[in-house]
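> Handing you a structure now.
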Amino acid sequence: MNIGITCYPTYGGSGIVASELGLELAARGHSVHFICASLPTRLAELPERITFHEVEMMDYPLFEHLPYDLALATKQAEVALDVGLDILHVHYAIPHSISAFLAREMLKPNHSLPIITTLHGTDITLVGRDRSYLQITRFGIQQSDGVTAVSHYLRRATCETFGICHIRVIPNFINRERSRRRPNEAHRARLAPEGEKIIMHISNFRPLKRAPDCIEIFARIREKVKARLVMVGDGPDRAQAEWVAQQRGVADFVHFAGKQPNISDCLSVADLLLLPSQMESFGLAALEAMACEVPVIASRVGGLPEVVKHGVTGYLIEPGNLEAMAEAAIRLLRDEELHREMAEQARAWAVHRFSSDQVVPLYEAFYRDVLQRRT
Ligand code: GMT
């Protein structure tokens with residue numbers, strides 16, 4: 001198939017999932033065309049059968065903000081015509097499903113361009129439900145020829161918010177070869193020179209991720225266990241997290257690593273992932289951690305219970321219950337046998353349930369269903 005993919009090319013989970021999907025589809029013989037504002041981070045080197053089409057946006061003094069959605073629609077229609085796309089798969093409803101709708105309409109009546117929209121989370125639970133975007137988000141989803149959601153939780157939330165329930169759940173995935181633990185003692189020794197345990201947090205540091213909570217949890221852990229905290233990523237709450245680290249007297253043991261291109265390499269030195277988010281429709285970082293044999297302590301919210309098996313691959317605790325999160329971490333870090341068992345179970349569960357070998361064919365089958373329905 002000739003497949004177009006549109007996503008946000010930034011460090012967000014939706015862009016990562018879209019990029020990984022493109023890589024997997026290309027490896028399975030499809031031609032994949034990324035139509036994005038810039039090259040998605042995980043596609044630094046374009047492998048065979050993947051082409052990148054940059055959305056060009058002309059600036060003009062009248063524009064306070066560049067009309068990205070219109071430039072995107074133009075590019076989507078152009079690429080669809082040039083390369084003969086069979087399907088256009090957009091990730092994150094806003095504004096991508098609307099741009100795709102415009103592209104499809106522009107190509108009528110001579111060309112058909114079936115659209116699939118994958119919902120990732122805040123496009124429904126935060127931005128999409130806001131009054132300013134609610135109607136257009138509903139419209140974009142309704143107009144899509146097929147809709148998928150990354151968790152059952154998100155499917156339910158979409159059904160409740162928009163009254164649209166005809167949605168296929170296809171979970172996020174990992175590549176079992178690329179997403180695996182590759183021990184690196186030298187790197188570990190650099191991060192934890194006294195052989196301390198390494199606790200990690202990975203996010204875009206938006207308030208929803210509760211990054212400063214990680215510092216509070218870590219300060220409690222440090223009272224009982226020799227440990228270091230590595231904060232991977234960047235975003236609006238980083239300064240607040242740094243400030244909390246100073247206030248709690250643990251700044252010397254917290255390393256802010258910034259954005260990292262290779263998450264599996266980072267996770268390969270971690271003993272535990274903290275994901276105390278207020279909301280996650282899936283929690284891709286939790287899955288990537290489990291694939292790298294890293295147990296997870298996360299909030300019991302949204303789609304996380306579909307990803308982390310409580311008591312088996314990690315612990316799920318109410319958001320904001322920092323005491324309980326710290327206690328669970330201390331228990332796990334002190335008990336080597338329990339830690340080894342959970343690390344093994346985490347990898348086994350990630351591969352068993354979320355391996356790309358199983359999940360990507362679900363997308364291919366969905367593409368075929370949608371194409372069949374339209375003929
Ligand atoms: O968090 C966002 O605002 C959007 C999105 C992103 O691009 O990172 O995150 C969502 O999609 C990820 C990939 O499917 C999920 O792993 C995240 O749980 C989800 N974020 C939320 O639901 C808050």
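Here, A, B, ... name the chains of the structure tokens in the order displayed, residue numbers run from 1 inside each chain, and ligands are numbered from 1 in the same displayed order.
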Residues at most 12 Å from region 321-333 of chain A, counting only C-alpha atoms, excluding those fewer than 6 positions away in the same chain, as a PyMOL selection string?
chain A and resi 196-200+210-228+270-278+294-300+310-315+339-343
> Output C-alpha atoms for every residue in the selection just made, as a PDB file, in the first residue's frame.

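Writing done, so here's out_37.pdb:
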```pdb
ATOM      1  CA  GLU A 196      23.197   3.853  43.677  1.00  0.00           C
ATOM      2  CA  LYS A 197      19.853   2.709  42.262  1.00  0.00           C
ATOM      3  CA  ILE A 198      18.708   4.727  39.262  1.00  0.00           C
ATOM      4  CA  ILE A 199      15.157   6.026  39.179  1.00  0.00           C
ATOM      5  CA  MET A 200      13.964   7.606  35.954  1.00  0.00           C
ATOM      6  CA  ARG A 210       3.332  16.109  37.508  1.00  0.00           C
ATOM      7  CA  ALA A 211       7.114  16.104  37.063  1.00  0.00           C
ATOM      8  CA  PRO A 212       7.701  17.962  40.379  1.00  0.00           C
ATOM      9  CA  ASP A 213       5.948  15.028  42.129  1.00  0.00           C
ATOM     10  CA  CYS A 214       8.856  12.853  40.974  1.00  0.00           C
ATOM     11  CA  ILE A 215      11.224  15.007  43.023  1.00  0.00           C
ATOM     12  CA  GLU A 216       8.961  14.782  46.083  1.00  0.00           C
ATOM     13  CA  ILE A 217       8.736  11.006  45.719  1.00  0.00           C
ATOM     14  CA  PHE A 218      12.495  10.774  45.187  1.00  0.00           C
ATOM     15  CA  ALA A 219      13.240  12.868  48.297  1.00  0.00           C
ATOM     16  CA  ARG A 220      11.241  10.340  50.343  1.00  0.00           C
ATOM     17  CA  ILE A 221      13.020   7.403  48.683  1.00  0.00           C
ATOM     18  CA  ARG A 222      16.457   8.962  49.360  1.00  0.00           C
ATOM     19  CA  GLU A 223      15.733   8.856  53.087  1.00  0.00           C
ATOM     20  CA  LYS A 224      15.734   5.045  52.914  1.00  0.00           C
ATOM     21  CA  VAL A 225      17.601   3.974  49.763  1.00  0.00           C
ATOM     22  CA  LYS A 226      20.804   5.215  48.109  1.00  0.00           C
ATOM     23  CA  ALA A 227      19.451   6.359  44.767  1.00  0.00           C
ATOM     24  CA  ARG A 228      19.763   8.889  41.975  1.00  0.00           C
ATOM     25  CA  ALA A 270      17.244   2.463  35.005  1.00  0.00           C
ATOM     26  CA  ASP A 271      15.945   0.381  37.920  1.00  0.00           C
ATOM     27  CA  LEU A 272      12.543   2.023  38.117  1.00  0.00           C
ATOM     28  CA  LEU A 273      10.335   4.421  36.131  1.00  0.00           C
ATOM     29  CA  LEU A 274       8.152   7.010  37.869  1.00  0.00           C
ATOM     30  CA  LEU A 275       5.087   8.169  35.937  1.00  0.00           C
ATOM     31  CA  PRO A 276       2.887  10.030  38.436  1.00  0.00           C
ATOM     32  CA  SER A 277       0.754  11.721  35.729  1.00  0.00           C
ATOM     33  CA  GLN A 278      -2.611  13.312  36.377  1.00  0.00           C
ATOM     34  CA  VAL A 294      12.181  -1.532  34.108  1.00  0.00           C
ATOM     35  CA  PRO A 295       9.250  -1.862  36.540  1.00  0.00           C
ATOM     36  CA  VAL A 296       6.928   1.130  36.649  1.00  0.00           C
ATOM     37  CA  ILE A 297       5.293   3.094  39.438  1.00  0.00           C
ATOM     38  CA  ALA A 298       2.478   5.040  37.840  1.00  0.00           C
ATOM     39  CA  SER A 299      -0.843   6.697  38.552  1.00  0.00           C
ATOM     40  CA  ARG A 300      -3.964   4.597  38.391  1.00  0.00           C
ATOM     41  CA  HIS A 310      -0.503  -3.792  39.145  1.00  0.00           C
ATOM     42  CA  GLY A 311       1.659  -5.931  41.428  1.00  0.00           C
ATOM     43  CA  VAL A 312       3.175  -7.781  38.471  1.00  0.00           C
ATOM     44  CA  THR A 313       4.987  -5.299  36.210  1.00  0.00           C
ATOM     45  CA  GLY A 314       4.839  -2.352  38.603  1.00  0.00           C
ATOM     46  CA  TYR A 315       2.436  -0.546  40.900  1.00  0.00           C
ATOM     47  CA  HIS A 339      12.752  -6.446  41.576  1.00  0.00           C
ATOM     48  CA  ARG A 340      14.215  -9.168  39.359  1.00  0.00           C
ATOM     49  CA  GLU A 341      10.834 -10.918  39.141  1.00  0.00           C
ATOM     50  CA  MET A 342       9.011  -7.682  38.223  1.00  0.00           C
ATOM     51  CA  ALA A 343      11.651  -6.690  35.672  1.00  0.00           C
TER      52      ALA A 343
END
```
> Using only C-alpha atoms and all ligand atoms, what are the residues with an atom within 9 Å of ligand 1, set out as number ranges by chain?
A: 7-8, 10-18, 91-92, 118-127, 149-151, 154, 171-172, 203-204, 206, 208-209, 277-287, 302-304
> Which of these, A:Met1, A:Ile94, A:Leu88, A:Ala348, has the shortest distance to Asp130 (chain A) once you count only C-alpha atoms?
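Closest candidate: A:Ile94.
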> Would you mind telling me which residue in A:Asp145, A:Asp59, A:Glu45, A:Asp369 lies nearest to His89 (chain A) when using only C-alpha atoms?
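Among A:Asp145, A:Asp59, A:Glu45, A:Asp369, it is A:Asp145 that comes nearest to His89 (chain A).
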> Pick out each residue of region 271-350 of chain A that DSSP on the backbone tags as strand (DSSP E); I need them as a PDB file with C-alpha atoms, in the first residue's frame.

```
ATOM      1  CA  LEU A 272      12.543   2.023  38.117  1.00  0.00           C
ATOM      2  CA  LEU A 273      10.335   4.421  36.131  1.00  0.00           C
ATOM      3  CA  LEU A 274       8.152   7.010  37.869  1.00  0.00           C
ATOM      4  CA  LEU A 275       5.087   8.169  35.937  1.00  0.00           C
ATOM      5  CA  VAL A 296       6.928   1.130  36.649  1.00  0.00           C
ATOM      6  CA  ILE A 297       5.293   3.094  39.438  1.00  0.00           C
ATOM      7  CA  ALA A 298       2.478   5.040  37.840  1.00  0.00           C
ATOM      8  CA  SER A 299      -0.843   6.697  38.552  1.00  0.00           C
ATOM      9  CA  GLY A 314       4.839  -2.352  38.603  1.00  0.00           C
ATOM     10  CA  TYR A 315       2.436  -0.546  40.900  1.00  0.00           C
ATOM     11  CA  LEU A 316      -0.547   1.671  40.181  1.00  0.00           C
ATOM     12  CA  ILE A 317      -1.367   4.279  42.805  1.00  0.00           C
TER      13      ILE A 317
END
```
> So which bits of region 123-225 of chain A end up helix (DSSP H, G or I) when you DSSP the backbone, as a ChimeraX atom specification?
/A:123-125,131-143,152-162,185-191,207-209,211-222
> What lies within 12 Å of Glu48 (chain A) using only C-alpha atoms, ignoring chain neighbours under 4 positions off, as a PDB file with N, CA and C atoms, in the first residue's frame?

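Output below, filename out_18.pdb:
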```pdb
ATOM      1  N   GLY A  22       5.300   4.010  10.942  1.00  0.00           N
ATOM      2  CA  GLY A  22       5.827   4.188   9.581  1.00  0.00           C
ATOM      3  C   GLY A  22       7.010   3.263   9.330  1.00  0.00           C
ATOM      4  N   LEU A  23       7.912   3.187  10.310  1.00  0.00           N
ATOM      5  CA  LEU A  23       9.089   2.317  10.158  1.00  0.00           C
ATOM      6  C   LEU A  23       8.670   0.857   9.998  1.00  0.00           C
ATOM      7  N   GLU A  24       7.714   0.450  10.816  1.00  0.00           N
ATOM      8  CA  GLU A  24       7.254  -0.956  10.771  1.00  0.00           C
ATOM      9  C   GLU A  24       6.551  -1.242   9.444  1.00  0.00           C
ATOM     10  N   LEU A  25       5.727  -0.301   8.997  1.00  0.00           N
ATOM     11  CA  LEU A  25       4.987  -0.519   7.739  1.00  0.00           C
ATOM     12  C   LEU A  25       5.956  -0.601   6.563  1.00  0.00           C
ATOM     13  N   ALA A  26       6.981   0.265   6.587  1.00  0.00           N
ATOM     14  CA  ALA A  26       7.974   0.241   5.501  1.00  0.00           C
ATOM     15  C   ALA A  26       8.724  -1.095   5.523  1.00  0.00           C
ATOM     16  N   ALA A  27       9.049  -1.560   6.728  1.00  0.00           N
ATOM     17  CA  ALA A  27       9.759  -2.845   6.837  1.00  0.00           C
ATOM     18  C   ALA A  27       8.889  -3.987   6.311  1.00  0.00           C
ATOM     19  N   ARG A  28       7.592  -3.781   6.326  1.00  0.00           N
ATOM     20  CA  ARG A  28       6.683  -4.832   5.830  1.00  0.00           C
ATOM     21  C   ARG A  28       6.344  -4.630   4.354  1.00  0.00           C
ATOM     22  N   GLY A  29       7.057  -3.727   3.702  1.00  0.00           N
ATOM     23  CA  GLY A  29       6.944  -3.602   2.245  1.00  0.00           C
ATOM     24  C   GLY A  29       6.053  -2.476   1.745  1.00  0.00           C
ATOM     25  N   HIS A  30       5.430  -1.729   2.653  1.00  0.00           N
ATOM     26  CA  HIS A  30       4.580  -0.610   2.211  1.00  0.00           C
ATOM     27  C   HIS A  30       5.454   0.616   1.902  1.00  0.00           C
ATOM     28  N   SER A  31       4.918   1.505   1.057  1.00  0.00           N
ATOM     29  CA  SER A  31       5.585   2.796   0.846  1.00  0.00           C
ATOM     30  C   SER A  31       4.922   3.799   1.779  1.00  0.00           C
ATOM     31  N   VAL A  32       5.738   4.479   2.562  1.00  0.00           N
ATOM     32  CA  VAL A  32       5.183   5.364   3.581  1.00  0.00           C
ATOM     33  C   VAL A  32       5.628   6.803   3.317  1.00  0.00           C
ATOM     34  N   HIS A  33       4.658   7.714   3.338  1.00  0.00           N
ATOM     35  CA  HIS A  33       4.942   9.127   3.062  1.00  0.00           C
ATOM     36  C   HIS A  33       4.565   9.950   4.284  1.00  0.00           C
ATOM     37  N   LEU A  43      12.933   9.592  12.926  1.00  0.00           N
ATOM     38  CA  LEU A  43      13.189   9.258  11.513  1.00  0.00           C
ATOM     39  C   LEU A  43      14.431   9.975  10.993  1.00  0.00           C
ATOM     40  N   PHE A  52       9.850  11.743   3.182  1.00  0.00           N
ATOM     41  CA  PHE A  52       9.361  12.834   4.022  1.00  0.00           C
ATOM     42  C   PHE A  52       8.947  14.017   3.146  1.00  0.00           C
TER      43      PHE A  52
END
```
> Provide the CA of Ser144 (chain A) to CA of Ile115 (chain A) distance in Å, to one decimal place.
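So the two atoms, CA of Ser144 (chain A) and CA of Ile115 (chain A), lie 5.3 Å apart.
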> Name the closest residue to Arg49 (chain A) among the candidates A:Arg373, A:Asp82, A:Asp237, A:Asn2; distances are taken between atoms, counting only C-alpha atoms.
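Comparing A:Arg373, A:Asp82, A:Asp237, A:Asn2 against Arg49 (chain A), the winner is A:Asn2.
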> If we count only C-alpha atoms and set the cut-off at 8 Å, which residues sit around Ala100 (chain A), ignoring sequence neighbours fewer than 2 positions away in its own chain? Please answer as a list in words.
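Those residues are Ala73, Gln76, Leu88, Val90, His96, Ser97, Ile98, Leu102, Ala103, Arg104 and Ile115 of chain A.
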> May I have the residues within 7 Å of region 353-368 of chain A as a ChimeraX atom specification, using only C-alpha atoms and disregarding those fewer than 5 positions away in the same chain?
/A:170,172-176
> At what distance in Å, to one decimal, does CA of Leu229 (chain A) lie from CA of Val254 (chain A)?
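Computing it gives 4.7 Å between the two atoms.
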> In Å, rounded to a single decimal, give me how far CA of Glu20 (chain A) is from CA of Arg190 (chain A).
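Calculated distance between CA of Arg190 (chain A) and CA of Glu20 (chain A) is 29.8 Å.
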> Could you give me, as a list in words, the residues within 9 Å of Leu267 (chain A), counting only C-alpha atoms and dropping anything in the same chain fewer than 6 positions from it?
Arg180, Arg181, Arg182, Met200, Leu273, Glu288, Ala289, Cys292, Glu293 and Val294 of chain A
> Taking into account only C-alpha atoms, which residue in the set A:Ser38, A:Ser268, A:Thr158, A:Ser99 is nearest to His187 (chain A)?
A:Ser268
